[in-house]
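Asks: Pasting entry.csv below, which is CSV, C-alpha atoms and all ligand atoms.
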chain,number,residue,atom,x,y,z
N,222,MET,CA,22.7,22.7,11.4
N,223,ALA,CA,24.9,19.7,10.6
N,224,ARG,CA,22.0,17.2,10.5
N,225,GLU,CA,21.9,15.4,7.2
N,226,THR,CA,18.5,13.9,7.3
N,227,THR,CA,15.1,15.4,8.0
N,228,LEU,CA,11.8,13.7,8.9
N,229,THR,CA,8.6,15.6,8.9
N,230,PRO,CA,4.9,14.7,8.5
N,231,ASP,CA,5.2,15.7,4.8
N,232,HIS,CA,7.2,12.5,4.2
N,233,LEU,CA,4.4,10.3,5.5
N,234,VAL,CA,1.6,8.3,3.8
N,235,TRP,CA,-1.0,6.8,6.0
N,236,PRO,CA,-2.4,3.4,4.9
N,237,LEU,CA,-6.0,2.9,5.9
N,238,PHE,CA,-8.3,-0.1,5.9
N,239,VAL,CA,-11.9,0.6,4.8
N,240,CYS,CA,-14.9,-1.6,5.5
N,241,GLU,CA,-18.6,-1.5,4.7
N,242,GLY,CA,-21.2,0.0,6.9
N,243,LYS,CA,-21.6,3.2,9.0
N,244,ASN,CA,-19.8,4.3,12.1
N,245,ARG,CA,-17.8,1.1,12.3
N,246,ARG,CA,-14.3,1.0,13.8
N,247,ILE,CA,-13.1,-2.5,14.1
N,248,PRO,CA,-9.8,-3.1,15.8
N,249,ILE,CA,-7.2,-5.2,14.1
N,250,ARG,CA,-5.8,-7.7,16.6
N,251,SER,CA,-2.3,-8.0,15.3
N,252,MET,CA,-2.0,-4.2,14.6
N,253,PRO,CA,-2.8,-2.4,17.9
N,254,GLY,CA,-4.0,1.1,17.2
N,255,CYS,CA,-5.1,0.3,13.7
N,256,PHE,CA,-8.7,-0.3,12.6
N,257,ARG,CA,-11.0,-1.1,9.8
N,258,PHE,CA,-13.0,2.1,9.4
N,259,SER,CA,-16.3,2.6,7.6
N,260,ARG,CA,-16.4,5.3,4.9
N,261,ASP,CA,-17.9,8.0,7.2
N,262,LEU,CA,-15.1,7.5,9.8
N,263,ILE,CA,-12.4,7.3,7.1
N,264,VAL,CA,-13.2,10.9,6.1
N,265,LYS,CA,-13.0,12.0,9.8
N,266,GLU,CA,-9.7,10.2,10.3
N,267,ALA,CA,-8.2,11.5,7.1
N,268,ARG,CA,-9.2,15.0,8.0
N,269,ALA,CA,-7.4,14.8,11.3
N,270,ALA,CA,-4.3,13.3,9.7
N,271,PHE,CA,-4.3,16.0,7.0
N,272,LYS,CA,-4.4,18.6,9.8
N,273,LEU,CA,-1.4,17.0,11.4
N,274,GLY,CA,0.5,17.6,8.1
N,275,ILE,CA,0.2,14.2,6.5
N,276,PRO,CA,-0.4,14.8,2.8
N,277,ALA,CA,-1.6,11.4,1.6
N,278,VAL,CA,-3.5,8.3,2.5
N,279,ALA,CA,-3.4,4.9,0.8
N,280,LEU,CA,-6.6,2.9,0.8
N,281,PHE,CA,-7.1,-0.8,1.2
N,282,PRO,CA,-10.7,-2.2,1.1
N,283,ALA,CA,-11.9,-5.1,3.2
N,284,ILE,CA,-14.3,-6.8,0.8
N,285,PRO,CA,-16.9,-9.2,2.2
N,286,ASP,CA,-16.3,-12.8,1.0
N,287,ARG,CA,-19.7,-12.9,-0.8
N,288,LEU,CA,-18.3,-10.3,-3.3
N,289,LYS,CA,-15.1,-12.1,-4.0
N,290,ASP,CA,-14.6,-14.1,-7.2
N,291,PRO,CA,-11.7,-15.5,-9.3
N,292,LEU,CA,-11.7,-12.5,-11.6
N,293,ALA,CA,-12.0,-9.8,-8.9
N,294,THR,CA,-15.1,-8.4,-10.6
N,295,GLU,CA,-16.1,-6.2,-7.7
N,296,SER,CA,-12.9,-4.2,-8.2
N,297,VAL,CA,-14.4,-2.3,-11.1
N,298,ASN,CA,-17.8,-1.6,-9.6
N,299,PRO,CA,-18.2,2.2,-9.8
N,300,ASN,CA,-20.3,1.9,-6.6
N,301,GLY,CA,-18.0,-0.5,-4.9
N,302,LEU,CA,-16.6,0.2,-1.4
N,303,LEU,CA,-13.3,1.6,-2.6
N,304,GLN,CA,-14.6,3.8,-5.3
N,305,GLN,CA,-17.2,5.3,-3.0
N,306,THR,CA,-14.6,6.0,-0.4
N,307,VAL,CA,-12.4,7.7,-2.8
N,308,ARG,CA,-15.2,10.0,-4.0
N,309,ALA,CA,-16.2,10.8,-0.4
N,310,LEU,CA,-12.6,11.7,0.5
N,311,LYS,CA,-11.9,13.8,-2.5
N,312,GLN,CA,-15.2,15.7,-2.0
N,313,ALA,CA,-14.5,16.4,1.7
N,314,LEU,CA,-10.7,16.9,1.4
N,315,PRO,CA,-9.8,17.9,-2.2
N,316,GLU,CA,-6.2,18.7,-1.2
N,317,LEU,CA,-5.6,15.3,0.3
N,318,CYS,CA,-3.6,13.0,-2.0
N,319,VAL,CA,-5.6,9.8,-2.3
N,320,ILE,CA,-3.6,6.7,-3.3
N,321,THR,CA,-5.4,3.5,-4.3
N,322,ASP,CA,-4.1,0.0,-4.3
N,323,VAL,CA,-4.1,-1.9,-7.6
N,324,ALA,CA,-4.0,-5.7,-7.0
N,325,MET,CA,-6.6,-8.5,-7.1
N,326,ASP,CA,-6.1,-9.9,-3.6
N,327,PRO,CA,-8.7,-7.9,-1.7
N,328,TYR,CA,-11.3,-8.9,-4.3
N,329,SER,CA,-10.1,-12.4,-5.3
N,330,SER,CA,-11.7,-15.6,-3.9
N,331,GLU,CA,-8.2,-17.1,-4.2
N,332,GLY,CA,-6.5,-14.4,-2.2
N,333,HIS,CA,-3.8,-13.9,-4.8
N,334,ASP,CA,-2.7,-10.6,-6.5
N,335,GLY,CA,-3.0,-12.2,-9.9
N,336,TYR,CA,-5.5,-14.4,-11.7
N,337,VAL,CA,-5.2,-18.1,-10.8
N,338,ASP,CA,-5.6,-20.4,-13.8
N,339,ASP,CA,-7.2,-23.9,-13.6
N,340,ARG,CA,-3.8,-25.5,-12.9
N,341,GLY,CA,-3.3,-23.2,-9.9
N,342,ARG,CA,-0.7,-21.0,-11.5
N,343,ILE,CA,-0.8,-17.2,-11.6
N,344,ASP,CA,-1.6,-16.1,-15.1
N,345,ASN,CA,0.5,-12.9,-15.5
N,346,ASP,CA,-0.9,-11.7,-18.8
N,347,THR,CA,-4.6,-12.3,-18.1
N,348,THR,CA,-4.1,-10.3,-14.9
N,349,LEU,CA,-2.8,-7.2,-16.8
N,350,GLY,CA,-6.2,-6.4,-18.3
N,351,ILE,CA,-8.0,-6.8,-15.0
N,352,LEU,CA,-5.5,-4.5,-13.2
N,353,ALA,CA,-5.8,-1.9,-16.0
N,354,GLU,CA,-9.6,-1.8,-15.7
N,355,MET,CA,-9.3,-1.6,-11.9
N,356,ALA,CA,-6.9,1.3,-12.2
N,357,VAL,CA,-9.3,3.2,-14.6
N,358,ALA,CA,-12.2,2.6,-12.2
N,359,GLN,CA,-10.2,4.1,-9.4
N,360,ALA,CA,-9.1,7.1,-11.4
N,361,ARG,CA,-12.7,7.7,-12.5
N,362,ALA,CA,-13.6,7.8,-8.8
N,363,GLY,CA,-11.0,10.5,-8.3
N,364,ALA,CA,-7.8,8.7,-7.1
N,365,ASP,CA,-4.8,11.0,-7.5
N,366,ILE,CA,-2.3,8.1,-7.7
N,367,VAL,CA,-2.9,4.5,-8.4
N,368,ALA,CA,-0.4,2.1,-6.8
N,369,PRO,CA,0.0,-1.4,-8.3
N,370,SER,CA,1.2,-3.7,-5.6
N,371,ASP,CA,0.7,-6.9,-7.5
N,372,MET,CA,4.1,-7.4,-9.0
N,373,MET,CA,2.9,-8.8,-12.3
N,374,ASP,CA,5.3,-8.1,-15.2
N,375,GLY,CA,4.3,-5.4,-17.5
N,376,ARG,CA,1.5,-3.9,-15.5
N,377,VAL,CA,2.8,-0.4,-15.2
N,378,GLY,CA,2.9,0.1,-19.0
N,379,HIS,CA,-0.5,-1.6,-19.3
N,380,ILE,CA,-2.0,0.6,-16.6
N,381,ARG,CA,-0.5,3.8,-18.1
N,382,SER,CA,-1.9,3.1,-21.6
N,383,ALA,CA,-5.3,2.3,-20.1
N,384,LEU,CA,-5.4,5.5,-18.0
N,385,ASP,CA,-4.3,7.6,-20.9
N,386,ALA,CA,-6.8,6.0,-23.3
N,387,ALA,CA,-9.6,6.7,-20.8
N,388,GLY,CA,-8.5,10.4,-20.5
N,389,TYR,CA,-6.8,10.1,-17.1
N,390,THR,CA,-3.4,11.4,-18.3
N,391,GLY,CA,-3.0,13.3,-15.0
N,392,THR,CA,-3.4,10.2,-12.7
N,393,GLY,CA,0.0,9.2,-11.3
N,394,ILE,CA,1.4,5.7,-10.9
N,395,LEU,CA,3.3,4.7,-7.8
N,396,SER,CA,4.6,1.2,-8.5
N,397,TYR,CA,5.5,-1.3,-5.8
N,398,ALA,CA,8.5,-2.0,-7.9
N,399,ALA,CA,10.7,-4.0,-5.6
N,400,LYS,CA,8.2,-5.9,-3.5
N,401,TYR,CA,9.7,-8.8,-1.7
N,402,CYS,CA,7.9,-12.1,-0.8
N,403,SER,CA,8.1,-11.2,2.9
N,404,SER,CA,6.9,-12.8,6.0
N,405,PHE,CA,6.3,-9.4,7.5
N,406,TYR,CA,2.9,-9.0,5.7
N,407,GLY,CA,1.0,-11.3,8.0
N,408,PRO,CA,-0.9,-8.7,10.1
N,409,PHE,CA,-2.0,-6.9,6.9
N,410,ARG,CA,-3.6,-10.2,5.5
N,411,ASP,CA,-5.4,-10.6,8.9
N,412,ALA,CA,-6.7,-7.0,8.5
N,413,LEU,CA,-8.2,-7.7,5.1
N,414,ASP,CA,-8.8,-11.4,5.4
N,415,SER,CA,-6.8,-11.7,2.2
N,416,ALA,CA,-4.3,-14.5,2.8
N,417,PRO,CA,-3.8,-16.7,-0.2
N,418,LYS,CA,-6.1,-19.8,-0.1
N,419,HIS,CA,-3.4,-22.0,-1.8
N,420,GLY,CA,0.3,-21.6,-2.3
N,421,ASP,CA,2.3,-18.5,-1.7
N,422,LYS,CA,3.3,-15.4,-3.6
N,423,LYS,CA,6.8,-16.5,-4.5
N,424,THR,CA,6.2,-16.7,-8.2
N,425,TYR,CA,5.5,-12.9,-8.5
N,426,GLN,CA,7.0,-11.3,-5.4
N,427,MET,CA,10.8,-11.1,-5.1
N,428,ASP,CA,13.2,-13.4,-3.3
N,429,PRO,CA,14.5,-11.6,-0.2
N,430,ALA,CA,18.0,-12.8,-1.2
N,431,ASN,CA,18.1,-10.7,-4.3
N,432,ALA,CA,19.3,-7.1,-4.7
N,433,ARG,CA,20.3,-6.8,-8.3
N,434,GLU,CA,16.9,-8.1,-9.4
N,435,ALA,CA,15.4,-5.1,-7.5
N,436,LEU,CA,17.2,-2.7,-9.8
N,437,ARG,CA,16.0,-4.6,-12.9
N,438,GLU,CA,12.4,-4.5,-11.6
N,439,VAL,CA,12.7,-0.8,-10.8
N,440,ALA,CA,14.3,0.1,-14.2
N,441,LEU,CA,11.4,-1.7,-16.0
N,442,ASP,CA,8.7,0.1,-14.1
N,443,VAL,CA,10.4,3.5,-14.6
N,444,ALA,CA,10.7,2.7,-18.4
N,445,GLU,CA,7.0,1.8,-18.4
N,446,GLY,CA,6.0,5.1,-16.9
N,447,ALA,CA,6.1,4.8,-13.0
N,448,ASP,CA,6.1,8.2,-11.5
N,449,ILE,CA,7.2,6.9,-8.0
N,450,VAL,CA,8.8,3.6,-7.2
N,451,MET,CA,8.5,1.7,-4.0
N,452,VAL,CA,10.7,-0.7,-2.0
N,453,LYS,CA,8.7,-2.9,0.4
N,454,PRO,CA,9.2,-3.8,3.2
N,455,ALA,CA,11.4,-1.0,4.4
N,456,GLY,CA,13.3,-1.8,7.6
N,457,PRO,CA,14.9,-5.1,6.5
N,458,TYR,CA,15.6,-3.7,3.0
N,459,LEU,CA,17.4,-0.4,3.6
N,460,ASP,CA,20.2,-1.4,1.4
N,461,ILE,CA,17.7,-1.8,-1.5
N,462,VAL,CA,16.2,1.6,-0.7
N,463,ARG,CA,19.7,3.1,-1.0
N,464,ALA,CA,20.6,1.3,-4.2
N,465,VAL,CA,17.3,2.3,-5.8
N,466,ARG,CA,17.7,5.9,-4.7
N,467,GLU,CA,21.1,5.9,-6.5
N,468,ALA,CA,19.8,4.2,-9.6
N,469,VAL,CA,16.8,6.4,-10.5
N,470,SER,CA,15.8,10.0,-10.4
N,471,VAL,CA,12.0,9.5,-9.7
N,472,PRO,CA,10.9,9.8,-6.0
N,473,VAL,CA,11.4,6.6,-4.0
N,474,ALA,CA,8.9,5.4,-1.5
N,475,ALA,CA,9.4,2.8,1.2
N,476,TYR,CA,6.7,0.8,3.0
N,477,GLN,CA,7.1,0.2,6.7
N,478,VAL,CA,4.8,-2.9,6.6
N,479,SER,CA,2.4,-4.4,9.0
N,480,GLY,CA,4.9,-6.8,10.6
N,481,GLU,CA,7.4,-4.0,11.2
N,482,TYR,CA,4.6,-2.0,12.9
N,483,ALA,CA,3.4,-5.0,14.9
N,484,MET,CA,6.9,-5.5,16.3
N,485,LEU,CA,7.3,-1.9,17.4
N,486,LYS,CA,3.9,-2.0,19.1
N,487,ALA,CA,4.4,-5.4,20.8
N,488,ALA,CA,7.8,-4.5,22.2
N,489,GLY,CA,6.6,-1.0,23.2
N,490,ALA,CA,3.5,-2.4,25.0
N,491,ARG,CA,5.7,-4.6,27.1
N,492,GLY,CA,8.0,-1.8,28.0
N,493,TRP,CA,10.9,-3.5,26.3
N,494,ILE,CA,11.7,-0.5,24.1
N,495,PRO,CA,10.7,3.1,24.2
N,496,GLU,CA,8.1,3.0,21.5
N,497,ASP,CA,7.9,6.6,20.4
N,498,ALA,CA,11.7,7.0,20.2
N,499,CYS,CA,12.1,3.7,18.3
N,500,LEU,CA,9.3,4.6,15.9
N,501,LEU,CA,10.9,7.9,15.0
N,502,GLU,CA,14.3,6.3,14.8
N,503,SER,CA,13.0,3.6,12.4
N,504,LEU,CA,11.4,6.3,10.2
N,505,LEU,CA,14.5,8.4,10.2
N,506,GLY,CA,16.6,5.4,9.2
N,507,ILE,CA,14.3,4.8,6.2
N,508,ARG,CA,14.7,8.5,5.2
N,509,ARG,CA,18.5,8.3,5.7
N,510,ALA,CA,18.6,5.2,3.4
N,511,GLY,CA,17.1,7.4,0.7
N,512,ALA,CA,13.3,7.2,0.8
N,513,ASP,CA,11.5,10.4,-0.1
N,514,LEU,CA,8.2,9.1,1.2
N,515,ILE,CA,7.3,6.5,3.8
N,516,PHE,CA,4.1,4.5,4.1
N,517,THR,CA,3.6,3.8,7.8
N,518,TYR,CA,0.6,2.7,9.9
N,519,ALA,CA,2.0,4.9,12.6
N,520,ALA,CA,1.8,8.1,10.5
N,521,PRO,CA,-0.6,10.0,12.8
N,522,GLY,CA,1.3,9.1,16.0
N,523,ALA,CA,4.6,10.0,14.3
N,524,ALA,CA,3.2,13.3,13.0
N,525,ARG,CA,2.0,14.2,16.5
N,526,LEU,CA,5.5,13.5,17.9
N,527,LEU,CA,7.2,15.5,15.1
N,528,ASN,CA,4.9,18.4,15.6
N,529,GLN,CA,5.6,18.7,19.3
Z,1,LIG,C1,-1.2,-7.0,-1.5
Z,1,LIG,C2,-0.6,-6.1,-0.5
Z,1,LIG,C3,0.1,-6.6,0.6
Z,1,LIG,C4,0.5,-5.5,1.3
Z,1,LIG,C5,0.1,-4.4,0.6
Z,1,LIG,N1,-0.6,-4.8,-0.6
Z,1,LIG,C6,0.2,-8.0,1.1
Z,1,LIG,C7,0.7,-9.0,0.3
Z,1,LIG,O1,1.4,-8.8,-0.7
Z,1,LIG,O2,0.4,-10.1,0.6
Z,1,LIG,C8,1.2,-5.6,2.6
Z,1,LIG,C9,1.3,-4.4,3.5
Z,1,LIG,C10,1.7,-4.7,4.9
Z,1,LIG,O3,2.0,-5.8,5.3
Z,1,LIG,O4,1.6,-3.7,5.6
Z,1,LIG,N2,-1.4,-6.5,-2.8
Can I see the file as structure tokens?
Ligand code: PBG

Replies:
Amino acid sequence: MARETTLTPDHLVWPLFVCEGKNRRIPIRSMPGCFRFSRDLIVKEARAAFKLGIPAVALFPAIPDRLKDPLATESVNPNGLLQQTVRALKQALPELCVITDVAMDPYSSEGHDGYVDDRGRIDNDTTLGILAEMAVAQARAGADIVAPSDMMDGRVGHIRSALDAAGYTGTGILSYAAKYCSSFYGPFRDALDSAPKHGDKKTYQMDPANAREALREVALDVAEGADIVMVKPAGPYLDIVRAVREAVSVPVAAYQVSGEYAMLKAAGARGWIPEDACLLESLLGIRRAGADLIFTYAAPGAARLLNQ
């Protein structure tokens, strides 16, 4: 009766890695319990998760190297891996909320979220057009929400205009508004083979030392039309989640990223922590800090525990 914070499967979004082929389920070494699934298996997995009460999935495609190029051309292919997966999911599970990732890195031969110019610098403004086209391709395939995770300046407004112009006025935007340049993303880059070929992401992702800057980034994205804003990673940035919650009235998402997941799994496997209890405590902490929704690779396991 006196409990201040709730945690239910409704609050969870399950990030999923999708790969080419059929009946493929490839384990990700640094993320025990996570897999790259082929499209047919993604539908099965998403159906099971939806039955557990998880309302949404977020899709990340593992694109073969031969389809990667500097302009991320494959990202707008209507028959590309991601677009096909979205169509299959929406056909099988119309009520499932499908969130797609807008960023160049899964498709870029450079492994960067933005376009790399001939001097090796990230060209923010050239990237905007590419991201907008990518978002429209995803909306056309049936994505309910597009989620720009690239951290280019101005992309939310650009994507909103492009979606509206193409007739997708009902497609939502969840912006990765305060995304830090974090060392906790390593296992994710293993999962997608998407690590940058040169340099780092410090010129577009945020300095972990900055909190006020997060509020500026969030305010810009909301002004440009973000329907939901995200703080990422979650655990080491709970103060930011709280500050953002207090600064805006749109829903706030937090992403318990691959490195946070890997730490829970590794310590749990060694018997150093009780994994289930620590998982639920970590998620409750993120909710208490002010997140409405939480992206977590542990979503099905957490939902099972919460439903018991
Ligand atoms: C890239 C992207 C990343 C994640 C989601 N989208 C990695 C990065 O910025 O390098 C990380 C998620 C995770 O670590 O779980 N657009």

Asks: At a cut-off of 9 Å and counting all atoms listed in the file, what residues surround ligand LIG 1 (chain Z)? Please answer as a ChimeraX atom specification.

Replies: /N:236,281,322-327,332-334,369-372,397,400-410,415-417,421-422,426,453-454,476-482,516-518

Asks: Determine the nearest neighbour of Ala269 of chain N from the options N:Ala524, N:Leu384, N:Val465, N:Leu514, counting all atoms listed in the file.

Replies: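 The answer is N:Ala524, which sits nearest to Ala269 of chain N.
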
Asks: Give the answer as one residue: which of N:Leu233, N:Ala488, N:Ala430, N:Leu303 has the shortest atom-to-atom distance to Leu273 of chain N, using all atoms listed in the file?

Replies: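 The answer is N:Leu233, which sits nearest to Leu273 of chain N.
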
Asks: Env of Leu395 of chain N: 10 Å cut, atoms = all atoms listed in the file, seq-sep filter 5 positions within chain, self excluded. Answer as a compact mmCIF listing (two decimals) with C-alpha atoms, keeping the file's coordinate frame.

Replies:
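Output below, filename result12.txt:
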# COMPACT_ATOMS: atom_id res chain seq x y z
CA ILE N 320 -3.60 6.70 -3.30
CA THR N 321 -5.40 3.50 -4.30
CA ASP N 322 -4.10 0.00 -4.30
CA VAL N 323 -4.10 -1.90 -7.60
CA ILE N 366 -2.30 8.10 -7.70
CA VAL N 367 -2.90 4.50 -8.40
CA ALA N 368 -0.40 2.10 -6.80
CA PRO N 369 0.00 -1.40 -8.30
CA SER N 370 1.20 -3.70 -5.60
CA VAL N 377 2.80 -0.40 -15.20
CA ASP N 442 8.70 0.10 -14.10
CA VAL N 443 10.40 3.50 -14.60
CA GLY N 446 6.00 5.10 -16.90
CA ALA N 447 6.10 4.80 -13.00
CA ASP N 448 6.10 8.20 -11.50
CA ILE N 449 7.20 6.90 -8.00
CA VAL N 450 8.80 3.60 -7.20
CA MET N 451 8.50 1.70 -4.00
CA PRO N 472 10.90 9.80 -6.00
CA VAL N 473 11.40 6.60 -4.00
CA ALA N 474 8.90 5.40 -1.50

Asks: Report the distance between atom CA of Val357 of chain N and atom CA of Asp385 of chain N in Å, rounded to one decimal place.

Replies: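 Atom CA of Val357 of chain N sits 9.2 Å away from atom CA of Asp385 of chain N.
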
Asks: Considering all atoms listed in the file, state which residue in the set N:Ala309, N:Val234, N:Ile247, N:Ala362 is at the smallest distance from Arg260 of chain N.

Replies: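 Smallest distance to Arg260 of chain N is found for N:Ala309.
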
Asks: Do you have the atom CA of Ala277 of chain N-atom CA of Cys318 of chain N distance handy?

Replies: 4.4 Å

Asks: Do you have the atom CA of Arg246 of chain N-atom CA of Pro291 of chain N distance handy?

Replies: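 Those two atoms sit 28.5 Å apart.
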
Asks: May I ask which of the residues N:Arg342, N:Asp286, N:Val297, N:Phe271 is the closest one to Leu314 of chain N, counting all atoms listed in the file?

Replies: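 Of N:Arg342, N:Asp286, N:Val297, N:Phe271, the one nearest Leu314 of chain N is N:Phe271, counting all atoms listed in the file.
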
Asks: Counting all atoms listed in the file, which of N:Ala313, N:Ala398, N:Leu302, N:Leu527 gets nearest to Ala358 of chain N?

Replies: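 Answer, going by the shortest atom-to-atom distance: N:Leu302.
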
Asks: Would you pick out the contacts of Tyr389 of chain N at 10 Å or less, using only C-alpha atoms, so that residues sharing its chain but fewer than 5 positions from it are not included, and give the list as a PyMOL selection string?

Replies: chain N and resi 357+360-361+363+365+381-384

Asks: Can you pull out the residues contacting Asn244 of chain N? Cut-off 7 Å, using only C-alpha atoms, and skip same-chain residues under 3 positions away; I want them as a VMD selection string.

Replies: chain N and resid 259 261 to 262

Asks: Please determine, counting only C-alpha atoms, which residue among N:Leu228, N:Leu436, N:Ser503, N:Ala444 has the shortest atom-to-atom distance to Glu467 of chain N.

Replies: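 Looking only at the distances to Glu467 of chain N, the closest residue turns out to be N:Leu436.
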
Asks: Tell me, as a list in words, which residues lie within 9 Å of Leu292 of chain N, counting all atoms listed in the file; anything in the same chain fewer than 4 positions away does not count.

Replies: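 Those residues are Met325, Tyr328, Ser329, Ser330, Gly335, Tyr336, Val337, Thr348 and Ile351 of chain N.
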
Asks: For the residues selected in the previous step, produce a file with C-alpha atoms as a PDB file, in the coordinates of the input.

Replies:
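Writing the result to out.pdb gives the following:
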ATOM      1  CA  MET N 325      -6.600  -8.500  -7.100  1.00  0.00           C
ATOM      2  CA  TYR N 328     -11.300  -8.900  -4.300  1.00  0.00           C
ATOM      3  CA  SER N 329     -10.100 -12.400  -5.300  1.00  0.00           C
ATOM      4  CA  SER N 330     -11.700 -15.600  -3.900  1.00  0.00           C
ATOM      5  CA  GLY N 335      -3.000 -12.200  -9.900  1.00  0.00           C
ATOM      6  CA  TYR N 336      -5.500 -14.400 -11.700  1.00  0.00           C
ATOM      7  CA  VAL N 337      -5.200 -18.100 -10.800  1.00  0.00           C
ATOM      8  CA  THR N 348      -4.100 -10.300 -14.900  1.00  0.00           C
ATOM      9  CA  ILE N 351      -8.000  -6.800 -15.000  1.00  0.00           C
TER      10      ILE N 351
END

Asks: Could you give me the centre and size, in Å to one decimal, of an axis-aligned box around all listed atoms of segment 265-269 of chain N with 6 Å added on every side, as lines of an AutoDock Vina configuration file?

Replies:
center_x = -10.2
center_y = 12.6
center_z = 9.2
size_x = 17.6
size_y = 16.8
size_z = 16.2

Asks: Once you count all atoms listed in the file, which residues end up no further than 12 Å from (15.5, 9.3, 14.8) in the file's frame, shown as a VMD selection string?

Replies: chain N and resid 224 to 229 496 to 509 523 526 to 527
